[in-house]
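K.L.:
Would you mind keeping the following structure in view while I ask a few things?
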Amino acid sequence: MSTYPFSEIEAKWQKIWEEQKLYRVDLDDPREKFYCLVMFPYPSGDRLHIGHWYNFGPADTFARYKRMQGYNVFEPIGYDAFGLPAENYAIKVGVHPKISTQKNIEKFRQQLKAIGAMYDFSKEINTSSSEYYRWTQWFFLLLYKHGLAYRKKAPVNWCPNCKTVLANEQVVNGQCERCESLVTKKDLEQWFFKITDYAEKLLEGHDRIDWPEKTITMQKNWIGKSEGAQIKFRVADSDEVIEVFTTRPDTLFGVTYMVLAPEHELVDRLTTGGQREQVDQYVSRSRMASDIDRTSTEREKTGVFIGAYAINPLNQEKVPIWIADYVLLSYGTGCVMAVPAHDERDFEFACKFNLPIREVISPDGTPSAKLESAFIETGIMINSGQFNGLESKRGITEVIDYLRANDLGEARVNYKLRDWLISRQRYWGAPIPIVYCPSCGVVPVPEADLPVLLPDEVEFKGKGESPLLTNPDFVHTTCPQCGQAATREVDTMDTFVCSSWYFLRYPNPRLGDAAFNKEIVNKWLPVDQYIGGAEHAVMHLLYARFFIKVLHDLGMVDFYEPFKRLFHQGTITREGNKMSKSRGNVVSPDKFIDDYGSDTFRMYMMFMGNYADGGDWSDEGIVGISRFLNRVWRMVEIIEENPPTGTETTESEKIERARHYTIKMVSQDLDRFHFNTAISRIMEMVNEIYLYFQNVRPEAQNRDVLLDARSAVLLLLAPFAPHMTEELWHRIGNRESIFAAKWPDYDEEKIKTKSIPIVIQVNGKVRDNIEAEPDSSDDRIIELALATDKIRHYVEGKQIVKTIVVKNKLINIVVRA
């Protein structure tokens, strides 16, 4: 018997598939469509790592399964090619990002083909090509035109190492997610997308999608909807007004001081002369702390009185205004009304700085003798003037009514979600299509002049300013409106802008006069199955939803969500540890593919554990999968060399039942992405076939049953091991690709067994067993048990005290002498 010659077979079929354009998708095919998409890779390294394979291999298995079910499957691939790592690499080694990125893409493409995936490479996209980013710039202009893109000076997250601005989502525990440097604050003119206008629609859309509950919860928490009141506090001896959002207007009588975020614009205007130096020093220190540190409940509270006072709108009491870094400008109005009796942070702050603490909510309406801590629950209003005695829920409503009637405030819904900062002070990204004119101001580049090309000639200094500033030919231009000398915007766009619409481009990647064809995308979107990492829950996945909702509102698409169904794969570890170069435990896919082949490698990744959880890599474990595939190879050879000609029914009935049962269970497993258990079931069926070889002579083997079982094994295994099964499918006489074959059906009736084993115990000890029809009555089981010779021997001459029947499992006969 031969072994599976994987190198020869895999190269053979990859060549044939490409020549025959087997995976070229006809988007006009009338069959039901199925758009299966993986999050596209970022070609920052020179080759795909095992994490890429763990995303792509199993996703391709699922896509092949859907194709065999009769769907017209569209499985494209592309490259998220812009980004900071390529630029950092250019600074480090002197290779232009355009060159290094293109080389990496070429290597990625070779590896993607080696996976044996059915990607339609005719639909490939590259976000760093001008053919693509022309339309990324078009999206910017679209948002700008409709008031959803704007520029303002704002404190931003600044990575001093990467020399660039970071979005909130890119700051992890106060550090840059990429280089782990401590993030500070810096004031810059920045471009933002007004995603906050879509906060409610982003929440509402969760009801329409089949996504992991954890991901939906993360998005809900990130959007952070709160219902309460916006309240106006006049500043004493001033025309200024401080607006505060609170979810607890029932505690308004308990306000004993106000706190502004150190960056709040009012701080400079309201600070008195005597407090100026102290305030300025505190503001400077605050900018060095991350938002995570500032809001930590374990951090000691700090703050400075600015010398001004605010007026409580309900009782006209003057309360001091402080600044403290636990208040963030990015949440609410950047100001809080401090109610120390009913907020833990305010209580801690008041105790430290000896500020008044006034109880206004009581559990039972009775004032406490002494407050040892903040009471943060709802209760009965006390010390609250005309609102005394009201339960909190009613009190909230009545206080808001009073504020509204007196023009002192109103009901308001607030969101934690901040607008999306898209400006990046780096080179390798899509240029922002804006011109600055001394006469006309901010001028958008006309659509007809797109793309604004990224110049090749730049210097990489890594000093904070965009490298685009080093190319005067790029910077200096003329105003599209008046023709005067003007300058271009030198920041580039966040790469998440590129990935917020790429799924729209795949069906029409070479379209020259639009970002996408409305008719085609309305037919093919939303994406039916999206697969990728959970780390994108509040970035890419949220931004993509925002883009689609804007397009829907503008009448440009008919669907309201980009991804109908979402699945997150887990993480592969090695010996229980996360893989990293520093640990020296990184698995090189290329080495194992050379040693075992692509089919074995991708199949082992799916066999390691539940796909959603990930698994622990074992060099020995992959050997087991290799043995199994060789076992299947030999199984087909055995049948070819010893063709069955018999018609026996006793043993073949087990094979027939195993076939139908395996088809049913593998189908269910694949629907749920349970690849590991699906593979186990196929292994069990192959074992049944080998047992049949042992128990039945070749000339007696049931020809029809065995050939059906062989075909079923190959069809079920095809999505997992495409190269080997394609070869064997043709060897047994088929002319078309196995992936043009129909996924096998099963018959529920044939899964049912005609008899099942029943264990017979006498006084709790196993003495025999019998075969009985499923769900036989207790009387029938007792009759069959007492009829066996062995049991008659154990009960003869003894009194049967009782019989205990456990349906479909056992009978226990209790006897005594």
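Numbering starts fresh at 1 for the residues of each chain in the structure tokens, the chains themselves are lettered A, B, ... in the order given, and ligands are numbered from 1 as they appear.
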Identify, on the basis of only C-alpha atoms, every residue whose closest approach to Met665 of chain A does not exceed 12 Å; exclude the query and any residue fewer than 3 positions from it along the same chain; express the result as a list in words.

P.N.:
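With the cut-off at 12 Å, the set is Ala658, Arg659, His660, Tyr661, Thr662, Gln668, Asp669, Leu670, Asp671, Arg672, His674, Phe675, Asn676, Thr677, Ala678, Ile679, Ser680, Arg681, Ile682, Glu684, Met685, Leu716, Pro744, Asp745, Tyr746, Glu748 and Ile751 of chain A.
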
K.L.:
Nearest to Asn414 of chain A among A:Val762, A:Met605, A:Val244, A:Val586, with distances taken over only C-alpha atoms: which residue is it?

P.N.:
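Among the listed residues, A:Val244 lies closest to Asn414 of chain A.
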
K.L.:
Separation of atom CA of Ala485 of chain A and atom CA of Leu143 of chain A, in Å?

P.N.:
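If I compute the distance from atom CA of Ala485 of chain A to atom CA of Leu143 of chain A, I get 25.8 Å.
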
K.L.:
Near Tyr415 of chain A, within 7 Å and counting only C-alpha atoms, which residues show up once chain neighbours fewer than 6 positions away are dropped, as a ChimeraX atom specification?

P.N.:
/A:223-226
